[in-house]
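J.: My file is coords.cif. It has mmCIF, C-alpha atoms and all ligand atoms:
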```cif
data_upload
#
loop_
_atom_site.group_PDB
_atom_site.id
_atom_site.type_symbol
_atom_site.label_atom_id
_atom_site.label_comp_id
_atom_site.auth_asym_id
_atom_site.auth_seq_id
_atom_site.Cartn_x
_atom_site.Cartn_y
_atom_site.Cartn_z
ATOM 1 C CA MET F 252 113.061 -109.847 -15.692
ATOM 2 C CA THR F 253 114.432 -111.441 -18.846
ATOM 3 C CA ASP F 254 112.256 -109.869 -21.526
ATOM 4 C CA ILE F 255 114.657 -107.223 -22.746
ATOM 5 C CA ARG F 256 111.806 -105.044 -24.043
ATOM 6 C CA LYS F 257 110.554 -104.755 -20.456
ATOM 7 C CA VAL F 258 114.097 -104.009 -19.304
ATOM 8 C CA VAL F 259 114.370 -101.198 -21.850
ATOM 9 C CA ASP F 260 110.944 -99.780 -20.889
ATOM 10 C CA LYS F 261 111.994 -99.665 -17.236
ATOM 11 C CA LEU F 262 115.285 -98.039 -18.199
ATOM 12 C CA LYS F 263 113.437 -95.361 -20.131
ATOM 13 C CA ASN F 264 111.169 -94.620 -17.149
ATOM 14 C CA ASP F 265 113.373 -95.035 -14.099
ATOM 15 C CA ASN F 266 116.829 -94.951 -15.737
ATOM 16 C CA PHE F 267 117.860 -98.090 -13.823
ATOM 17 C CA VAL F 268 116.548 -101.637 -13.634
ATOM 18 C CA ILE F 269 117.345 -104.655 -11.458
ATOM 19 C CA ILE F 270 117.777 -108.040 -13.121
ATOM 20 C CA LYS F 271 117.800 -110.999 -10.762
ATOM 21 C CA ASN F 272 120.331 -113.810 -11.402
ATOM 22 C CA PHE F 273 122.011 -112.024 -14.288
ATOM 23 C CA PHE F 274 125.044 -114.261 -13.764
ATOM 24 C CA ASP F 275 124.682 -117.781 -12.366
ATOM 25 C CA LYS F 276 126.766 -119.310 -9.547
ATOM 26 C CA LYS F 277 129.262 -120.871 -11.981
ATOM 27 C CA VAL F 278 130.076 -117.563 -13.672
ATOM 28 C CA LEU F 279 130.241 -115.820 -10.311
ATOM 29 C CA SER F 280 132.831 -118.259 -9.017
ATOM 30 C CA GLU F 281 134.853 -117.900 -12.232
ATOM 31 C CA ILE F 282 134.774 -114.139 -11.714
ATOM 32 C CA LYS F 283 135.968 -114.506 -8.131
ATOM 33 C CA VAL F 284 138.937 -116.597 -9.327
ATOM 34 C CA GLU F 285 139.729 -113.960 -11.947
ATOM 35 C CA ILE F 286 139.599 -111.219 -9.324
ATOM 36 C CA LYS F 287 142.041 -113.125 -7.126
ATOM 37 C CA ILE F 288 144.461 -113.376 -10.053
ATOM 38 C CA LEU F 289 144.090 -109.683 -10.864
ATOM 39 C CA LYS F 290 144.588 -108.703 -7.246
ATOM 40 C CA GLU F 291 148.129 -110.092 -7.457
ATOM 41 C CA ALA F 292 148.791 -109.044 -11.070
ATOM 42 C CA GLU F 293 150.903 -106.128 -12.248
ATOM 43 C CA MET F 294 148.566 -103.323 -13.194
ATOM 44 C CA ASN F 295 148.956 -99.675 -14.019
ATOM 45 C CA ARG F 296 149.211 -97.764 -10.718
ATOM 46 C CA ARG F 297 146.064 -95.829 -11.605
ATOM 47 C CA ASP F 298 144.035 -99.024 -12.040
ATOM 48 C CA LYS F 299 144.409 -100.548 -8.567
ATOM 49 C CA HIS F 300 143.680 -98.823 -5.278
ATOM 50 C CA PHE F 301 144.101 -99.866 -1.673
ATOM 51 C CA ILE F 302 142.973 -98.546 1.692
ATOM 52 C CA LYS F 303 145.668 -98.444 4.364
ATOM 53 C CA VAL F 304 144.439 -99.778 7.704
ATOM 54 C CA ASN F 305 147.032 -100.081 10.481
ATOM 55 C CA ASP F 306 149.879 -100.542 7.984
ATOM 56 C CA LYS F 307 147.897 -103.197 6.109
ATOM 57 C CA LEU F 308 146.782 -102.564 2.536
ATOM 58 C CA ILE F 309 143.212 -103.652 1.800
ATOM 59 C CA LEU F 310 141.984 -103.732 -1.804
ATOM 60 C CA SER F 311 139.516 -100.905 -2.468
ATOM 61 C CA SER F 312 138.960 -100.990 -6.234
ATOM 62 C CA MET F 313 140.402 -102.072 -9.574
ATOM 63 C CA HIS F 314 139.682 -100.434 -12.921
ATOM 64 C CA ASN F 315 139.901 -101.222 -16.644
ATOM 65 C CA ILE F 316 139.895 -104.907 -15.763
ATOM 66 C CA HIS F 317 139.054 -105.871 -19.353
ATOM 67 C CA LEU F 318 142.541 -104.700 -20.334
ATOM 68 C CA TYR F 319 144.140 -107.249 -17.999
ATOM 69 C CA SER F 320 141.758 -110.207 -18.285
ATOM 70 C CA THR F 321 140.658 -111.873 -21.519
ATOM 71 C CA TYR F 322 138.078 -113.844 -19.540
ATOM 72 C CA TYR F 323 136.533 -110.637 -18.280
ATOM 73 C CA LYS F 324 136.675 -108.935 -21.688
ATOM 74 C CA ASN F 325 134.837 -111.839 -23.339
ATOM 75 C CA LEU F 326 132.298 -111.979 -20.547
ATOM 76 C CA ILE F 327 131.455 -108.338 -21.226
ATOM 77 C CA LEU F 328 131.317 -108.653 -24.994
ATOM 78 C CA ASP F 329 129.131 -111.773 -24.829
ATOM 79 C CA SER F 330 126.820 -110.407 -22.154
ATOM 80 C CA LYS F 331 123.149 -109.579 -22.611
ATOM 81 C CA LEU F 332 124.030 -105.942 -21.995
ATOM 82 C CA ARG F 333 124.961 -105.569 -25.672
ATOM 83 C CA ASP F 334 121.463 -106.622 -26.774
ATOM 84 C CA ILE F 335 119.936 -104.211 -24.281
ATOM 85 C CA VAL F 336 122.121 -101.330 -25.527
ATOM 86 C CA LYS F 337 121.109 -102.175 -29.109
ATOM 87 C CA LEU F 338 117.410 -102.157 -28.295
ATOM 88 C CA ARG F 339 117.671 -98.991 -26.189
ATOM 89 C CA TYR F 340 119.804 -96.928 -28.581
ATOM 90 C CA GLY F 341 119.572 -98.671 -31.973
ATOM 91 C CA SER F 342 123.230 -99.649 -32.246
ATOM 92 C CA THR F 343 126.061 -101.072 -30.219
ATOM 93 C CA SER F 344 129.835 -100.936 -30.350
ATOM 94 C CA LYS F 345 132.638 -103.179 -29.178
ATOM 95 C CA ARG F 346 134.131 -100.331 -27.171
ATOM 96 C CA ILE F 347 134.182 -101.113 -23.457
ATOM 97 C CA PHE F 348 134.136 -98.099 -21.210
ATOM 98 C CA ASN F 349 134.910 -98.672 -17.624
ATOM 99 C CA SER F 350 135.110 -102.107 -16.096
ATOM 100 C CA SER F 351 135.763 -101.985 -12.405
ATOM 101 C CA LEU F 352 135.725 -103.964 -9.224
ATOM 102 C CA PHE F 353 134.403 -102.068 -6.217
ATOM 103 C CA ALA F 354 135.695 -104.209 -3.353
ATOM 104 C CA LYS F 355 134.126 -102.016 -0.669
ATOM 105 C CA PRO F 356 135.581 -103.966 2.239
ATOM 106 C CA LYS F 357 133.691 -104.226 5.530
ATOM 107 C CA ASN F 358 134.328 -101.496 8.117
ATOM 108 C CA VAL F 359 136.435 -99.302 5.818
ATOM 109 C CA GLY F 360 134.830 -99.383 2.326
ATOM 110 C CA LEU F 361 134.796 -95.967 0.684
ATOM 111 C CA SER F 362 131.734 -94.121 -0.547
ATOM 112 C CA THR F 363 131.188 -93.253 -4.194
ATOM 113 C CA LYS F 364 129.983 -89.674 -4.315
ATOM 114 C CA ILE F 365 126.946 -88.890 -6.418
ATOM 115 C CA HIS F 366 127.693 -88.631 -10.107
ATOM 116 C CA GLN F 367 126.445 -89.318 -13.616
ATOM 117 C CA ASP F 368 128.544 -91.742 -15.637
ATOM 118 C CA ASN F 369 128.658 -89.532 -18.715
ATOM 119 C CA ALA F 370 130.775 -87.077 -16.737
ATOM 120 C CA PHE F 371 133.467 -89.772 -17.113
ATOM 121 C CA PHE F 372 132.474 -91.215 -20.522
ATOM 122 C CA ASN F 373 132.040 -87.894 -22.369
ATOM 123 C CA LEU F 374 129.773 -89.306 -25.064
ATOM 124 C CA ASN F 375 127.930 -86.801 -27.244
ATOM 125 C CA ASN F 376 124.499 -88.342 -26.601
ATOM 126 C CA ALA F 377 125.218 -90.271 -23.382
ATOM 127 C CA GLU F 378 124.255 -93.519 -25.121
ATOM 128 C CA ALA F 379 125.823 -96.087 -22.810
ATOM 129 C CA LEU F 380 124.560 -98.503 -20.198
ATOM 130 C CA THR F 381 126.386 -99.807 -17.157
ATOM 131 C CA CYS F 382 125.788 -103.203 -15.660
ATOM 132 C CA TRP F 383 126.687 -103.363 -11.961
ATOM 133 C CA VAL F 384 126.817 -106.902 -10.597
ATOM 134 C CA ALA F 385 126.694 -107.827 -6.904
ATOM 135 C CA ILE F 386 129.242 -110.403 -5.737
ATOM 136 C CA ASP F 387 128.050 -110.157 -2.119
ATOM 137 C CA LYS F 388 124.608 -109.340 -0.846
ATOM 138 C CA SER F 389 124.341 -105.580 -1.077
ATOM 139 C CA ASP F 390 121.854 -103.215 0.544
ATOM 140 C CA LYS F 391 121.570 -99.935 2.410
ATOM 141 C CA ASP F 392 123.452 -101.342 5.429
ATOM 142 C CA ASN F 393 126.706 -102.259 3.689
ATOM 143 C CA GLY F 394 127.097 -99.339 1.304
ATOM 144 C CA GLY F 395 124.766 -100.506 -1.449
ATOM 145 C CA LEU F 396 124.015 -98.365 -4.462
ATOM 146 C CA PHE F 397 121.329 -95.707 -4.492
ATOM 147 C CA TYR F 398 119.697 -93.991 -7.448
ATOM 148 C CA TYR F 399 117.592 -90.890 -7.950
ATOM 149 C CA LYS F 400 114.838 -92.517 -9.964
ATOM 150 C CA GLY F 401 114.193 -90.773 -13.299
ATOM 151 C CA SER F 402 116.967 -88.220 -12.752
ATOM 152 C CA SER F 403 118.437 -88.590 -16.254
ATOM 153 C CA LYS F 404 115.884 -85.937 -17.196
ATOM 154 C CA LEU F 405 118.261 -83.405 -15.634
ATOM 155 C CA GLY F 406 120.759 -83.886 -18.458
ATOM 156 C CA LEU F 407 124.434 -83.759 -17.595
ATOM 157 C CA VAL F 408 125.053 -81.451 -14.634
ATOM 158 C CA ASN F 409 128.373 -79.925 -13.646
ATOM 159 C CA HIS F 410 130.882 -82.240 -11.939
ATOM 160 C CA ILE F 411 133.830 -81.188 -9.816
ATOM 161 C CA PRO F 412 137.029 -83.120 -9.049
ATOM 162 C CA GLU F 413 136.270 -84.634 -5.643
ATOM 163 C CA GLY F 414 135.899 -88.223 -4.439
ATOM 164 C CA ASN F 415 138.106 -91.298 -4.215
ATOM 165 C CA LEU F 416 140.780 -92.693 -6.455
ATOM 166 C CA GLY F 417 138.805 -94.499 -9.156
ATOM 167 C CA ALA F 418 135.664 -92.386 -8.615
ATOM 168 C CA SER F 419 137.225 -88.998 -8.935
ATOM 169 C CA MET F 420 134.316 -86.666 -9.623
ATOM 170 C CA THR F 421 131.072 -85.646 -8.032
ATOM 171 C CA ILE F 422 128.163 -83.415 -8.911
ATOM 172 C CA GLU F 423 128.595 -79.800 -7.874
ATOM 173 C CA LYS F 424 125.912 -79.244 -5.204
ATOM 174 C CA THR F 425 124.696 -75.853 -6.332
ATOM 175 C CA GLU F 426 121.465 -74.466 -4.827
ATOM 176 C CA GLU F 427 119.796 -75.177 -8.147
ATOM 177 C CA PHE F 428 120.910 -78.807 -8.164
ATOM 178 C CA LYS F 429 119.730 -79.265 -4.556
ATOM 179 C CA ARG F 430 116.331 -77.874 -5.535
ATOM 180 C CA LEU F 431 116.043 -79.999 -8.675
ATOM 181 C CA ILE F 432 117.196 -83.329 -7.228
ATOM 182 C CA LYS F 433 114.424 -83.214 -4.590
ATOM 183 C CA LYS F 434 111.967 -84.000 -7.394
ATOM 184 C CA PHE F 435 113.437 -87.495 -7.810
ATOM 185 C CA LYS F 436 112.945 -90.305 -5.332
ATOM 186 C CA LYS F 437 116.136 -91.717 -3.778
ATOM 187 C CA VAL F 438 115.996 -95.511 -4.030
ATOM 188 C CA PHE F 439 118.421 -97.910 -2.285
ATOM 189 C CA ILE F 440 119.136 -101.160 -4.078
ATOM 190 C CA ASP F 441 118.828 -104.499 -2.297
ATOM 191 C CA VAL F 442 120.407 -107.299 -4.336
ATOM 192 C CA SER F 443 121.872 -110.787 -3.927
ATOM 193 C CA PRO F 444 125.053 -112.252 -5.449
ATOM 194 C CA GLY F 445 124.657 -112.579 -9.224
ATOM 195 C CA ASP F 446 121.885 -109.957 -9.476
ATOM 196 C CA CYS F 447 122.657 -106.831 -11.425
ATOM 197 C CA VAL F 448 121.448 -103.282 -11.808
ATOM 198 C CA ILE F 449 121.654 -101.733 -15.252
ATOM 199 C CA HIS F 450 121.674 -97.955 -15.387
ATOM 200 C CA ASP F 451 121.996 -95.293 -18.029
ATOM 201 C CA ALA F 452 124.777 -92.737 -18.271
ATOM 202 C CA LEU F 453 122.813 -89.774 -16.911
ATOM 203 C CA VAL F 454 121.043 -91.162 -13.850
ATOM 204 C CA VAL F 455 122.333 -89.617 -10.614
ATOM 205 C CA HIS F 456 123.684 -92.342 -8.321
ATOM 206 C CA GLY F 457 126.274 -93.185 -5.717
ATOM 207 C CA SER F 458 126.914 -95.300 -2.640
ATOM 208 C CA LYS F 459 127.682 -94.667 1.016
ATOM 209 C CA SER F 460 130.771 -95.907 2.821
ATOM 210 C CA ASN F 461 130.689 -99.440 4.184
ATOM 211 C CA ILE F 462 130.922 -99.274 7.962
ATOM 212 C CA SER F 463 129.107 -102.587 8.409
ATOM 213 C CA ASN F 464 130.783 -105.905 9.156
ATOM 214 C CA LYS F 465 129.895 -107.325 5.721
ATOM 215 C CA ASN F 466 131.946 -106.948 2.554
ATOM 216 C CA ARG F 467 130.198 -105.386 -0.422
ATOM 217 C CA ARG F 468 132.045 -106.547 -3.508
ATOM 218 C CA ALA F 469 130.625 -105.695 -6.922
ATOM 219 C CA PHE F 470 131.933 -105.298 -10.437
ATOM 220 C CA ASN F 471 130.659 -103.271 -13.322
ATOM 221 C CA PHE F 472 131.126 -102.758 -17.032
ATOM 222 C CA SER F 473 129.691 -100.378 -19.558
ATOM 223 C CA ILE F 474 128.852 -100.687 -23.232
ATOM 224 C CA ALA F 475 127.972 -97.815 -25.546
ATOM 225 C CA SER F 476 126.058 -97.463 -28.789
ATOM 226 C CA ARG F 477 127.949 -96.058 -31.774
ATOM 227 C CA ASP F 478 127.715 -92.670 -30.063
ATOM 228 C CA SER F 479 130.973 -90.732 -30.433
ATOM 229 C CA ILE F 480 133.180 -89.148 -27.804
ATOM 230 C CA ASN F 481 133.036 -85.370 -27.477
ATOM 231 C CA LYS F 482 136.691 -84.281 -27.596
ATOM 232 C CA LYS F 483 136.026 -80.933 -25.920
ATOM 233 C CA LYS F 484 134.244 -82.583 -22.985
ATOM 234 C CA LEU F 485 136.954 -85.237 -22.814
ATOM 235 C CA ASN F 486 139.633 -82.576 -22.479
ATOM 236 C CA LEU F 487 137.688 -80.774 -19.744
ATOM 237 C CA TYR F 488 137.347 -84.116 -17.931
ATOM 238 C CA LYS F 489 141.078 -84.799 -18.289
ATOM 239 C CA ASN F 490 141.836 -81.416 -16.738
ATOM 240 C CA LYS F 491 139.519 -82.152 -13.801
ATOM 241 C CA LEU F 492 141.118 -85.561 -13.375
ATOM 242 C CA LYS F 493 144.586 -84.005 -13.390
ATOM 243 C CA LYS F 494 143.501 -81.540 -10.701
ATOM 244 C CA PHE F 495 142.029 -84.384 -8.637
ATOM 245 C CA LEU F 496 145.229 -86.435 -8.941
ATOM 246 C CA ASP F 497 147.461 -83.443 -8.135
ATOM 247 C CA ASP F 498 145.345 -82.637 -5.053
ATOM 248 C CA ASN F 499 145.563 -86.261 -3.899
ATOM 249 C CA LYS F 500 149.303 -86.835 -4.393
HETATM 250 O O1 LIG F 601 129.877 -99.646 -6.531
HETATM 251 C C1 LIG F 601 129.846 -98.455 -6.272
HETATM 252 O O2 LIG F 601 129.852 -98.051 -5.122
HETATM 253 C C2 LIG F 601 129.782 -97.418 -7.372
HETATM 254 C C3 LIG F 601 129.427 -97.955 -8.706
HETATM 255 C C4 LIG F 601 129.083 -96.925 -9.709
HETATM 256 O O3 LIG F 601 129.037 -95.749 -9.455
HETATM 257 C C5 LIG F 601 128.778 -97.342 -11.083
HETATM 258 O O4 LIG F 601 128.759 -98.545 -11.362
HETATM 259 O O5 LIG F 601 128.530 -96.445 -11.930
#
```
Can you dump the structure from the file as structure tokens?
Ligand SMILES: O=C(O)CCC(=O)C(=O)O
T.:
Amino acid sequence: MTDIRKVVDKLKNDNFVIIKNFFDKKVLSEIKVEIKILKEAEMNRRDKHFIKVNDKLILSSMHNIHLYSTYYKNLILDSKLRDIVKLRYGSTSKRIFNSSLFAKPKNVGLSTKIHQDNAFFNLNNAEALTCWVAIDKSDKDNGGLFYYKGSSKLGLVNHIPEGNLGASMTIEKTEEFKRLIKKFKKVFIDVSPGDCVIHDALVVHGSKSNISNKNRRAFNFSIASRDSINKKKLNLYKNKLKKFLDDNK
């Protein structure tokens, strides 16, 4: 689907949309090279996480990659996502929120508990889109993403500090939330390398752990409109993050 008006219509209805071949093979291999470099590079401790398996450290995720890689930063700023954000929300900004690699290694890849991205972004009007790009084939079997179609209608629901390093919050499963979420269909995404899913900042989504024998690498990045950050919400988020980090020391 390359007509960005259709992409925006689908985003308005379902709150996520799959675009096949968003990045071609050449770009994908450049990204893989970049990831290899970053894997070895010095990064802030909070931006690189490993899973310990029998004394061996296996890469789990890396975050804020645009701060460490000019290639990656330019790829984001030049990507079609900016045009889509502009058409969806009427403006775009050069601010990059969130740019991560979810390595999700075979057998031991961690789940991402259900969340809404604006619980992390803290934008006043939740005007941001995330582009999640598959590096490996990704489906229900190897911890692929799932979405509750149309669930942005719920607005931002309460999040609690619980999850993994790099995905530190999840929706509080109150009785009311459990009742409400049943109204939205849970859809698993089946995508090939280079395909992407674009989702808005309020859609409820997550991914299961990867206990299969296939890696499920993916990277994402998010671009916002000129929407501003809500300082009060940001402070609440920082407190939750602090609690999460203290509990996981
Ligand atoms: O790749 C994953 O498992 C999680 C990704 C995610 O939650 C996101 O891109 O917002």
J.: Can you tell me which residues come within 10 Å of ligand LIG 601 (chain F) when counting only C-alpha atoms and all ligand atoms, ideally as JSON, numbers by chain?
T.: {"F": [312, 349, 350, 351, 352, 353, 354, 355, 360, 361, 362, 363, 364, 365, 366, 367, 368, 369, 371, 380, 381, 382, 383, 384, 385, 389, 394, 395, 396, 397, 398, 417, 418, 448, 449, 450, 451, 452, 454, 455, 456, 457, 458, 459, 460, 461, 467, 468, 469, 470, 471, 472, 473]}
J.: As an exercise, work out the distance from atom CA of F:Asn295 to atom CA of F:Lys482 in Å and give it to one decimal place.
T.: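 Computed distance, atom CA of F:Asn295 to atom CA of F:Lys482, equals 23.9 Å.
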J.: What do you get, as a list in words, if you spell out every residue that the PyMOL selection byres (((chain F and resi 488) around 12) and not hetatm) selects here?
T.: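 In the shown coordinates, the PyMOL selection byres (((chain F and resi 488) around 12) and not hetatm) covers Asp368, Asn369, Ala370, Phe371, Phe372, Asn373, Leu374, Asn409, His410, Ile411, Pro412, Ser419, Met420, Thr421, Ile480, Asn481, Lys482, Lys483, Lys484, Leu485, Asn486, Leu487, Lys489, Asn490, Lys491, Leu492, Lys493, Lys494 and Phe495 of chain F.
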J.: How would the residues just chosen look if you wrote them out with C-alpha atoms as an mmCIF file, keeping the file's coordinate frame?
T.:
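What ended up in result_4.cif:
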```cif
data_model
loop_
_atom_site.group_PDB
_atom_site.id
_atom_site.type_symbol
_atom_site.label_atom_id
_atom_site.label_comp_id
_atom_site.auth_asym_id
_atom_site.auth_seq_id
_atom_site.Cartn_x
_atom_site.Cartn_y
_atom_site.Cartn_z
ATOM 1 C CA ASP F 368 128.544 -91.742 -15.637
ATOM 2 C CA ASN F 369 128.658 -89.532 -18.715
ATOM 3 C CA ALA F 370 130.775 -87.077 -16.737
ATOM 4 C CA PHE F 371 133.467 -89.772 -17.113
ATOM 5 C CA PHE F 372 132.474 -91.215 -20.522
ATOM 6 C CA ASN F 373 132.040 -87.894 -22.369
ATOM 7 C CA LEU F 374 129.773 -89.306 -25.064
ATOM 8 C CA ASN F 409 128.373 -79.925 -13.646
ATOM 9 C CA HIS F 410 130.882 -82.240 -11.939
ATOM 10 C CA ILE F 411 133.830 -81.188 -9.816
ATOM 11 C CA PRO F 412 137.029 -83.120 -9.049
ATOM 12 C CA SER F 419 137.225 -88.998 -8.935
ATOM 13 C CA MET F 420 134.316 -86.666 -9.623
ATOM 14 C CA THR F 421 131.072 -85.646 -8.032
ATOM 15 C CA ILE F 480 133.180 -89.148 -27.804
ATOM 16 C CA ASN F 481 133.036 -85.370 -27.477
ATOM 17 C CA LYS F 482 136.691 -84.281 -27.596
ATOM 18 C CA LYS F 483 136.026 -80.933 -25.920
ATOM 19 C CA LYS F 484 134.244 -82.583 -22.985
ATOM 20 C CA LEU F 485 136.954 -85.237 -22.814
ATOM 21 C CA ASN F 486 139.633 -82.576 -22.479
ATOM 22 C CA LEU F 487 137.688 -80.774 -19.744
ATOM 23 C CA LYS F 489 141.078 -84.799 -18.289
ATOM 24 C CA ASN F 490 141.836 -81.416 -16.738
ATOM 25 C CA LYS F 491 139.519 -82.152 -13.801
ATOM 26 C CA LEU F 492 141.118 -85.561 -13.375
ATOM 27 C CA LYS F 493 144.586 -84.005 -13.390
ATOM 28 C CA LYS F 494 143.501 -81.540 -10.701
ATOM 29 C CA PHE F 495 142.029 -84.384 -8.637
#
```
J.: May I ask which of the residues F:Tyr319, F:Phe439, F:Phe273, F:Phe267 is the closest one to F:Lys290, counting only C-alpha atoms?
T.: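 When distances to F:Lys290 are compared using only C-alpha atoms, the smallest one comes from F:Tyr319.
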J.: Which residue is closest to F:Tyr399? Choose from F:Asn466, F:Asn266, F:Asn305, F:Ser311 and count all atoms listed in the file.
T.: F:Asn266
J.: Quick one: distance from atom CA of F:Ala475 to atom CA of F:Gly445 in Å, one decimal?
T.: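 Computing it gives 22.3 Å between the two atoms.
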J.: Taking the file as shown, find all residues satisfying the PyMOL selection byres (((chain F and resi 428) around 12) and not hetatm) and write them as an mmCIF file with C-alpha atoms, in the frame of the given file.
T.:
```
data_model
loop_
_atom_site.group_PDB
_atom_site.id
_atom_site.type_symbol
_atom_site.label_atom_id
_atom_site.label_comp_id
_atom_site.auth_asym_id
_atom_site.auth_seq_id
_atom_site.Cartn_x
_atom_site.Cartn_y
_atom_site.Cartn_z
ATOM 1 C CA ILE F 365 126.946 -88.890 -6.418
ATOM 2 C CA SER F 402 116.967 -88.220 -12.752
ATOM 3 C CA LEU F 405 118.261 -83.405 -15.634
ATOM 4 C CA GLY F 406 120.759 -83.886 -18.458
ATOM 5 C CA LEU F 407 124.434 -83.759 -17.595
ATOM 6 C CA VAL F 408 125.053 -81.451 -14.634
ATOM 7 C CA ASN F 409 128.373 -79.925 -13.646
ATOM 8 C CA HIS F 410 130.882 -82.240 -11.939
ATOM 9 C CA ILE F 422 128.163 -83.415 -8.911
ATOM 10 C CA GLU F 423 128.595 -79.800 -7.874
ATOM 11 C CA LYS F 424 125.912 -79.244 -5.204
ATOM 12 C CA THR F 425 124.696 -75.853 -6.332
ATOM 13 C CA GLU F 426 121.465 -74.466 -4.827
ATOM 14 C CA GLU F 427 119.796 -75.177 -8.147
ATOM 15 C CA LYS F 429 119.730 -79.265 -4.556
ATOM 16 C CA ARG F 430 116.331 -77.874 -5.535
ATOM 17 C CA LEU F 431 116.043 -79.999 -8.675
ATOM 18 C CA ILE F 432 117.196 -83.329 -7.228
ATOM 19 C CA LYS F 433 114.424 -83.214 -4.590
ATOM 20 C CA LYS F 434 111.967 -84.000 -7.394
ATOM 21 C CA PHE F 435 113.437 -87.495 -7.810
ATOM 22 C CA VAL F 455 122.333 -89.617 -10.614
#
```
J.: Env of F:Val359: 6 Å cut, atoms = only C-alpha atoms, seq-sep filter 2 positions within chain, self excluded. Answer as a compact mmCIF listing (two decimals) with C-alpha atoms, in the coordinates of the input.
T.:
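Now in part_29.txt:
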```
# COMPACT_ATOMS: atom_id res chain seq x y z
CA PRO F 356 135.58 -103.97 2.24
CA LYS F 357 133.69 -104.23 5.53
CA ASN F 461 130.69 -99.44 4.18
CA ILE F 462 130.92 -99.27 7.96
```
J.: For F:Asn499, which of F:Ser403, F:Asn415, F:Asn376, F:Asn464 is the closest residue, counting all atoms listed in the file?
T.: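 Counting all atoms listed in the file, the residue closest to F:Asn499 is F:Asn415.
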J.: Hey, what's within 6 Å of F:Lys388 if we count only C-alpha atoms and toss same-chain stuff fewer than 2 positions away? As a list in words, please?
T.: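 In the requested format, the answer is Val442, Ser443 and Pro444 of chain F.
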J.: Kindly give the distance, in Å, that separates atom CA of F:Glu281 and atom CA of F:Leu310, rounded to a single decimal.
T.: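 Calculated distance between atom CA of F:Glu281 and atom CA of F:Leu310 is 19.0 Å.
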J.: Pick out the closest residue to F:Asp298 from this set: F:Ala377, F:Val258, F:Ile269, F:Met313. Count all atoms listed in the file.
T.: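 Of the candidates, the smallest distance to F:Asp298 is held by F:Met313.
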J.: On this file, the PyMOL selection byres (((chain F and resi 340-342) around 12) and not hetatm) gives some set of residues; write that set as a list in words.
T.: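 On the file shown, the PyMOL selection byres (((chain F and resi 340-342) around 12) and not hetatm) covers Val259, Leu262, Lys263, Leu332, Arg333, Asp334, Ile335, Val336, Lys337, Leu338, Arg339, Thr343, Ser344, Lys345, Asn376, Ala377, Glu378, Ala379, Leu380, Asp451, Ile474, Ala475, Ser476, Arg477, Asp478 and Ser479 of chain F.
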J.: Limited to C-alpha atoms, could you put the picked residues into a file as a PDB file, keeping the file's coordinate frame?
T.:
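Writing done, so here's out_1.pdb:
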```pdb
ATOM      1  CA  VAL F 259     114.370-101.198 -21.850  1.00  0.00           C
ATOM      2  CA  LEU F 262     115.285 -98.039 -18.199  1.00  0.00           C
ATOM      3  CA  LYS F 263     113.437 -95.361 -20.131  1.00  0.00           C
ATOM      4  CA  LEU F 332     124.030-105.942 -21.995  1.00  0.00           C
ATOM      5  CA  ARG F 333     124.961-105.569 -25.672  1.00  0.00           C
ATOM      6  CA  ASP F 334     121.463-106.622 -26.774  1.00  0.00           C
ATOM      7  CA  ILE F 335     119.936-104.211 -24.281  1.00  0.00           C
ATOM      8  CA  VAL F 336     122.121-101.330 -25.527  1.00  0.00           C
ATOM      9  CA  LYS F 337     121.109-102.175 -29.109  1.00  0.00           C
ATOM     10  CA  LEU F 338     117.410-102.157 -28.295  1.00  0.00           C
ATOM     11  CA  ARG F 339     117.671 -98.991 -26.189  1.00  0.00           C
ATOM     12  CA  THR F 343     126.061-101.072 -30.219  1.00  0.00           C
ATOM     13  CA  SER F 344     129.835-100.936 -30.350  1.00  0.00           C
ATOM     14  CA  LYS F 345     132.638-103.179 -29.178  1.00  0.00           C
ATOM     15  CA  ASN F 376     124.499 -88.342 -26.601  1.00  0.00           C
ATOM     16  CA  ALA F 377     125.218 -90.271 -23.382  1.00  0.00           C
ATOM     17  CA  GLU F 378     124.255 -93.519 -25.121  1.00  0.00           C
ATOM     18  CA  ALA F 379     125.823 -96.087 -22.810  1.00  0.00           C
ATOM     19  CA  LEU F 380     124.560 -98.503 -20.198  1.00  0.00           C
ATOM     20  CA  ASP F 451     121.996 -95.293 -18.029  1.00  0.00           C
ATOM     21  CA  ILE F 474     128.852-100.687 -23.232  1.00  0.00           C
ATOM     22  CA  ALA F 475     127.972 -97.815 -25.546  1.00  0.00           C
ATOM     23  CA  SER F 476     126.058 -97.463 -28.789  1.00  0.00           C
ATOM     24  CA  ARG F 477     127.949 -96.058 -31.774  1.00  0.00           C
ATOM     25  CA  ASP F 478     127.715 -92.670 -30.063  1.00  0.00           C
ATOM     26  CA  SER F 479     130.973 -90.732 -30.433  1.00  0.00           C
TER      27      SER F 479
END
```
J.: Taking all atoms of stretch 451-465 of chain F that appear in the file, build a box with edges along x, y and z, extend it by 4 Å on every side, and state its centre and edge lengths in Å to one decimal, as JSON.
T.:
```
{"center_x": 126.0, "center_y": -98.5, "center_z": -4.6, "size_x": 17.9, "size_y": 25.7, "size_z": 35.4}
```
